[in-house]
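A.B. asks: Structure file target-v3.csv (CSV, C-alpha atoms) is given on the next line.
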chain,number,residue,atom,x,y,z
A,1,GLY,CA,115.5,98.1,110.3
A,2,ALA,CA,115.7,94.4,109.7
A,3,GLY,CA,112.2,93.8,108.5
A,4,VAL,CA,110.2,94.6,105.4
A,5,SER,CA,109.4,98.3,105.2
A,6,GLN,CA,106.4,99.8,103.4
A,7,THR,CA,105.7,103.4,102.8
A,8,PRO,CA,103.4,105.2,103.2
A,9,SER,CA,101.6,103.4,106.0
A,10,ASN,CA,98.4,105.2,105.0
A,11,LYS,CA,97.4,106.8,101.7
A,12,VAL,CA,94.2,108.6,100.9
A,13,THR,CA,93.7,109.6,97.3
A,14,GLU,CA,90.9,110.9,95.1
A,15,LYS,CA,89.3,108.7,92.5
A,16,GLY,CA,91.1,109.0,89.2
A,17,LYS,CA,94.5,109.9,90.7
A,18,TYR,CA,97.8,108.0,90.4
A,19,VAL,CA,99.5,106.4,93.4
A,20,GLU,CA,102.8,104.7,94.1
A,21,LEU,CA,103.4,102.3,97.0
A,22,ARG,CA,106.9,101.5,98.1
A,23,CYS,CA,108.4,98.3,99.5
A,24,ASP,CA,111.9,97.9,101.0
A,25,PRO,CA,112.5,94.1,101.4
A,26,ILE,CA,114.8,92.4,103.8
A,27,SER,CA,118.4,92.8,102.6
A,28,GLY,CA,119.5,89.7,100.7
A,29,HIS,CA,116.0,88.5,99.8
A,30,THR,CA,115.8,87.8,96.1
A,31,ALA,CA,112.0,87.2,96.0
A,32,LEU,CA,109.5,89.9,96.5
A,33,TYR,CA,105.7,89.7,96.5
A,34,TRP,CA,102.8,92.1,96.5
A,35,TYR,CA,99.4,91.1,98.0
A,36,ARG,CA,96.2,92.9,98.4
A,37,GLN,CA,93.9,92.4,101.5
A,38,SER,CA,90.4,93.6,101.6
A,39,LEU,CA,88.5,93.9,104.9
A,40,GLY,CA,87.7,90.5,106.3
A,41,GLN,CA,89.5,88.6,103.6
A,42,GLY,CA,92.8,86.8,103.3
A,43,PRO,CA,95.6,88.4,101.3
A,44,GLU,CA,95.3,88.0,97.5
A,45,PHE,CA,98.3,87.6,95.3
A,46,LEU,CA,99.2,90.3,92.9
A,47,ILE,CA,102.7,89.9,91.6
A,48,TYR,CA,106.0,88.1,92.4
A,49,PHE,CA,109.5,89.2,91.5
A,50,GLN,CA,112.6,87.0,91.4
A,51,GLY,CA,115.4,89.5,91.2
A,52,THR,CA,114.5,92.4,88.9
A,53,GLY,CA,112.0,90.5,86.8
A,54,ALA,CA,108.4,89.8,87.4
A,55,ALA,CA,108.2,86.1,87.4
A,56,ASP,CA,104.5,86.0,87.9
A,57,ASP,CA,102.1,88.9,87.5
A,58,SER,CA,99.0,86.9,87.0
A,59,GLY,CA,97.3,88.4,90.1
A,60,LEU,CA,97.3,92.0,88.8
A,61,PRO,CA,93.6,92.8,88.4
A,62,ASN,CA,93.9,94.9,85.3
A,63,ASP,CA,96.3,97.1,83.3
A,64,ARG,CA,95.9,100.0,85.8
A,65,PHE,CA,98.2,98.1,88.1
A,66,PHE,CA,101.9,97.9,87.5
A,67,ALA,CA,105.0,97.1,89.6
A,68,VAL,CA,108.7,97.5,89.2
A,69,ARG,CA,111.8,96.4,90.9
A,70,PRO,CA,114.6,97.9,88.8
A,71,GLU,CA,117.6,97.0,90.9
A,72,GLY,CA,116.3,93.8,92.5
A,73,SER,CA,115.7,95.4,95.9
A,74,VAL,CA,113.1,98.1,96.4
A,75,SER,CA,109.8,97.7,94.6
A,76,THR,CA,107.1,100.1,93.7
A,77,LEU,CA,103.5,99.2,93.0
A,78,LYS,CA,101.8,101.8,90.8
A,79,ILE,CA,98.1,102.2,90.4
A,80,GLN,CA,96.8,104.5,87.7
A,81,ARG,CA,93.3,106.1,87.6
A,82,THR,CA,92.4,104.8,91.0
A,83,GLU,CA,88.9,103.6,91.7
A,84,ARG,CA,87.1,103.2,95.0
A,85,GLY,CA,87.3,99.5,94.6
A,86,ASP,CA,91.1,99.7,94.8
A,87,SER,CA,90.7,100.6,98.5
A,88,ALA,CA,92.5,97.9,100.5
A,89,VAL,CA,95.6,97.1,102.4
A,90,TYR,CA,98.5,96.4,100.1
A,91,LEU,CA,101.0,94.0,101.6
A,92,CYS,CA,104.6,93.4,100.5
A,93,ALA,CA,106.6,90.4,101.5
A,94,SER,CA,110.1,89.1,100.7
A,95,SER,CA,112.0,85.8,101.0
A,96,PHE,CA,114.9,83.8,99.8
A,97,GLY,CA,112.5,82.2,97.4
A,98,MET,CA,111.9,78.5,96.6
A,99,ASN,CA,109.0,78.3,99.1
A,100,THR,CA,110.9,79.6,102.0
A,101,GLU,CA,109.4,81.7,104.8
A,102,ALA,CA,108.0,85.0,103.5
A,103,PHE,CA,108.3,88.0,105.8
A,104,PHE,CA,105.6,90.6,105.5
A,105,GLY,CA,105.6,94.3,106.0
A,106,GLN,CA,102.9,96.1,107.9
A,107,GLY,CA,101.2,97.2,104.7
A,108,THR,CA,99.9,100.4,103.1
A,109,ARG,CA,96.3,101.2,103.7
A,110,LEU,CA,95.0,102.8,100.5
A,111,THR,CA,91.7,104.6,100.6
A,112,VAL,CA,90.3,106.0,97.4
A,113,VAL,CA,87.6,108.6,98.0
B,1,ALA,CA,93.3,75.4,91.1
B,2,GLN,CA,94.4,75.6,94.7
B,3,LYS,CA,92.0,76.6,97.5
B,4,VAL,CA,92.3,76.9,101.2
B,5,THR,CA,89.2,76.9,103.4
B,6,GLN,CA,89.0,78.1,106.9
B,7,ALA,CA,85.4,77.3,107.9
B,8,GLN,CA,85.5,79.1,111.2
B,9,THR,CA,85.4,82.9,110.8
B,10,GLU,CA,85.5,83.9,114.4
B,11,ILE,CA,86.1,82.2,117.8
B,12,SER,CA,86.1,83.6,121.2
B,13,VAL,CA,87.6,81.8,124.2
B,14,VAL,CA,88.5,82.4,127.8
B,15,GLU,CA,92.2,82.5,128.7
B,16,LYS,CA,93.7,79.1,129.4
B,17,GLU,CA,91.3,77.3,127.2
B,18,ASP,CA,92.6,75.2,124.3
B,19,VAL,CA,91.5,76.2,120.8
B,20,THR,CA,91.8,74.5,117.5
B,21,LEU,CA,91.8,76.3,114.2
B,22,ASP,CA,90.7,74.3,111.2
B,23,CYS,CA,92.2,74.4,107.7
B,24,VAL,CA,91.2,72.3,104.7
B,25,TYR,CA,93.1,72.7,101.4
B,26,GLU,CA,92.6,71.6,97.8
B,27,THR,CA,95.2,70.9,95.3
B,28,ARG,CA,95.8,68.3,92.6
B,29,ASP,CA,99.6,68.5,93.0
B,30,THR,CA,101.4,66.0,95.2
B,31,THR,CA,104.1,68.4,96.2
B,32,TYR,CA,103.1,71.5,98.0
B,33,TYR,CA,103.8,73.6,101.1
B,34,LEU,CA,101.4,74.6,103.8
B,35,PHE,CA,101.7,77.6,106.1
B,36,TRP,CA,100.1,79.3,109.1
B,37,TYR,CA,100.4,83.0,109.6
B,38,LYS,CA,99.2,85.2,112.5
B,39,GLN,CA,98.0,88.8,111.9
B,40,PRO,CA,97.8,90.8,115.1
B,41,PRO,CA,95.9,94.2,115.1
B,42,SER,CA,99.1,95.9,114.0
B,43,GLY,CA,98.5,94.3,110.6
B,44,GLU,CA,101.8,92.6,109.9
B,45,LEU,CA,101.6,88.9,109.0
B,46,VAL,CA,103.8,86.8,111.2
B,47,PHE,CA,105.0,83.4,110.0
B,48,LEU,CA,104.3,80.5,112.4
B,49,ILE,CA,105.1,77.3,110.5
B,50,ARG,CA,105.8,75.8,107.1
B,51,ARG,CA,105.2,72.2,106.3
B,52,ASN,CA,105.9,70.3,103.1
B,53,SER,CA,103.5,67.7,101.7
B,54,PHE,CA,105.9,64.8,102.3
B,55,ASP,CA,106.2,65.4,106.0
B,56,GLU,CA,103.1,64.3,107.9
B,57,GLN,CA,104.7,64.4,111.3
B,58,ASN,CA,102.8,66.6,113.8
B,59,GLU,CA,104.8,69.4,115.2
B,60,ILE,CA,104.8,71.1,118.6
B,61,SER,CA,106.3,74.4,119.4
B,62,GLY,CA,105.6,75.6,122.9
B,63,ARG,CA,101.9,76.1,123.2
B,64,TYR,CA,101.4,75.7,119.5
B,65,SER,CA,100.9,72.4,117.7
B,66,TRP,CA,99.9,71.4,114.2
B,67,ASN,CA,98.2,68.3,112.9
B,68,PHE,CA,98.7,67.6,109.2
B,69,GLN,CA,96.6,64.8,107.7
B,70,LYS,CA,96.8,64.3,104.0
B,71,SER,CA,94.0,61.8,104.0
B,72,THR,CA,91.6,64.5,104.9
B,73,SER,CA,93.6,67.4,103.3
B,74,SER,CA,93.7,69.2,106.6
B,75,PHE,CA,96.3,71.2,108.5
B,76,ASN,CA,94.8,72.1,111.8
B,77,PHE,CA,96.4,74.4,114.4
B,78,THR,CA,95.9,74.1,118.1
B,79,ILE,CA,96.8,76.6,120.8
B,80,THR,CA,97.1,75.1,124.2
B,81,ALA,CA,96.4,77.2,127.3
B,82,SER,CA,95.5,80.3,125.2
B,83,GLN,CA,96.6,83.7,126.3
B,84,VAL,CA,95.2,87.2,125.6
B,85,VAL,CA,98.3,87.9,123.4
B,86,ASP,CA,97.1,85.1,121.1
B,87,SER,CA,94.2,87.3,120.0
B,88,ALA,CA,94.7,87.9,116.3
B,89,VAL,CA,93.5,86.7,112.9
B,90,TYR,CA,95.1,83.5,111.8
B,91,PHE,CA,95.6,82.5,108.2
B,92,CYS,CA,96.3,79.1,106.6
B,93,ALA,CA,98.0,79.2,103.2
B,94,LEU,CA,99.2,76.9,100.5
B,95,THR,CA,101.9,77.2,97.8
B,96,LEU,CA,103.2,75.0,95.0
B,97,PRO,CA,106.9,74.7,94.3
B,98,GLN,CA,106.6,74.1,90.6
B,99,GLY,CA,105.6,76.3,87.7
B,100,GLY,CA,107.7,79.3,88.5
B,101,SER,CA,105.2,81.0,90.7
B,102,GLU,CA,105.6,81.5,94.4
B,103,GLU,CA,102.0,82.6,95.0
B,104,LEU,CA,100.6,81.9,98.5
B,105,VAL,CA,97.0,81.0,98.4
B,106,PHE,CA,95.4,82.2,101.7
B,107,GLY,CA,92.2,81.2,103.4
B,108,LYS,CA,89.9,83.9,104.6
B,109,GLY,CA,91.3,83.8,108.1
B,110,MET,CA,89.9,83.1,111.5
B,111,LYS,CA,89.7,85.8,114.1
B,112,LEU,CA,90.6,84.5,117.6
B,113,THR,CA,89.7,86.5,120.6
B,114,VAL,CA,91.0,85.4,124.0
B,115,ASN,CA,89.3,87.0,126.9
B,116,PRO,CA,90.9,87.4,130.3
Please go through the file and, once you have read it, give me the structure as structure tokens.

C.D. replies:
Amino acid sequence: GAGVSQTPSNKVTEKGKYVELRCDPISGHTALYWYRQSLGQGPEFLIYFQGTGAADDSGLPNDRFFAVRPEGSVSTLKIQRTERGDSAVYLCASSFGMNTEAFFGQGTRLTVV
Amino acid sequence: AQKVTQAQTEISVVEKEDVTLDCVYETRDTTYYLFWYKQPPSGELVFLIRRNSFDEQNEISGRYSWNFQKSTSSFNFTITASQVVDSAVYFCALTLPQGGSEELVFGKGMKLTVNP
């Protein structure tokens, strides 16, 4: 499809497990972003990629969170030793960068039980 | 630090009413971008508008209009003759072009319900 694709759409995992969330950006978009949205809140920035490199990872809450974008396209957000507080919707977006319009995916709803 | 405040958390109107969504932002930078996004129940954030800090002209797009006032640090959004399909959560956001980060700082959102 033409939009940002995120998989899975829903993920339920047990506390302490490892999870990976995938994002397929719009073709040609060099910038890719991960955000986390808790219920009733606005999205909170996690990390921004320009090409293959993480240009800004200041939003990652701790070292259990890590993201990669090895070929400058698909990105994976990895969460180790998940905690119940990690439960949220994880949103991915892509753009041409330089403060242009960011297109968002439908998100992955992560539930840690 | 940047901050976006959407004081209203929830508004309910009847179809065909006009409704204004307030947004107040804080930044020490003189160059910045402001955005509005719509999040319908499906969850996907839909881009509505981007405005840079040097362009204070108001904008109209169909039933939507935006009023940007630097003097009050506000970027309000008005929907004229609201429709049921306008029901969604609306987010105002801010970003700075400098510093290498493209982080969007979002407000908490305002849930609009348009009743038939």

A.B. asks: Can you check which parts of chain A lie within 6 Å of chain B? Per residue, the shortest pair of atoms and distance in Å to one decimal, counting only C-alpha atoms, sorted by chain and number, as a tab-separated table.

C.D. replies:
residue	atom	partner	partner_atom	distance
A:Gln41	CA	B:Lys108	CA	4.8
A:Gly42	CA	B:Lys108	CA	4.3
A:Asp56	CA	B:Ser101	CA	5.8
A:Phe104	CA	B:Leu45	CA	5.6
A:Gly105	CA	B:Glu44	CA	5.7
A:Gln106	CA	B:Glu44	CA	4.2

A.B. asks: Go ahead and save the picked residues with C-alpha atoms, as a compact mmCIF listing (two decimals), keeping the file's coordinate frame.

C.D. replies:
# COMPACT_ATOMS: atom_id res chain seq x y z
CA GLN A 41 89.50 88.60 103.60
CA GLY A 42 92.80 86.80 103.30
CA ASP A 56 104.50 86.00 87.90
CA PHE A 104 105.60 90.60 105.50
CA GLY A 105 105.60 94.30 106.00
CA GLN A 106 102.90 96.10 107.90

A.B. asks: As a list in words, please: the residues near range 16-30 of chain A (cut-off 6 Å, all atoms listed in the file, same-chain neighbours under 5 positions excluded).

C.D. replies: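 Answer for this query is Gly3, Val4, Ser5, Gln6, Thr7, Gln50, Gly51, Val74, Ser75, Thr76, Leu77, Lys78, Ile79, Gln80, Arg81, Thr82, Ser94, Ser95 and Phe96 of chain A.
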
A.B. asks: Of the candidates B:Thr27, B:Ala7, B:Trp66, B:Ala81, which one gets nearest to Pro116 in chain B if we count all atoms listed in the file?

C.D. replies: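 Residue with the minimum atom-to-atom distance to Pro116 in chain B: B:Ala81.
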
A.B. asks: Just how far from CA of Ser38 in chain A is CA of Tyr25 in chain B, in Å to one decimal?

C.D. replies: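 Calculated distance between CA of Tyr25 in chain B and CA of Ser38 in chain A is 21.1 Å.
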
A.B. asks: Suppose you want the space between CA of Asp22 in chain B and CA of Asn76 in chain B; what is it in Å?

C.D. replies: 4.7 Å

A.B. asks: Go ahead and compute the interatomic distance for CA of Phe54 in chain B and CA of Thr30 in chain B, in Å to one decimal.

C.D. replies: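 Here the two named atoms are 8.5 Å from each other.
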
A.B. asks: With all atoms listed in the file as the basis for distance, which of B:Ser74, B:Asn58, B:Gln8, B:Ser82 is at the shortest distance from Leu21 in chain B?

C.D. replies: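 Counting all atoms listed in the file, the residue closest to Leu21 in chain B is B:Gln8.
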
A.B. asks: Residues within 7 Å of (89.6, 109.6, 100.8), file coordinates, counting all atoms listed in the file: what are they? Give the list as number ranges by chain.

C.D. replies: A: 12-14, 111-113

A.B. asks: Could you check the closest approach to Tyr33 in chain A for each of A:Ser9, A:Pro70, A:Lys15, A:Tyr90 and tell me which residue wins, using all atoms listed in the file?

C.D. replies: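 Checking each candidate against Tyr33 in chain A, we get A:Tyr90 as the closest.
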
A.B. asks: Tell me which of A:Gly97, A:Pro8, A:Gly72, A:Gly59 sits closest to Trp34 in chain A, counting all atoms listed in the file.

C.D. replies: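 Of A:Gly97, A:Pro8, A:Gly72, A:Gly59, the one nearest Trp34 in chain A is A:Gly59, counting all atoms listed in the file.
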
A.B. asks: So, counting only C-alpha atoms, which residue among B:Thr78, B:Gln57, B:Ser73, B:Gln2 is closest to Trp36 in chain B?

C.D. replies: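 Selected residue with least distance to Trp36 in chain B: B:Thr78.
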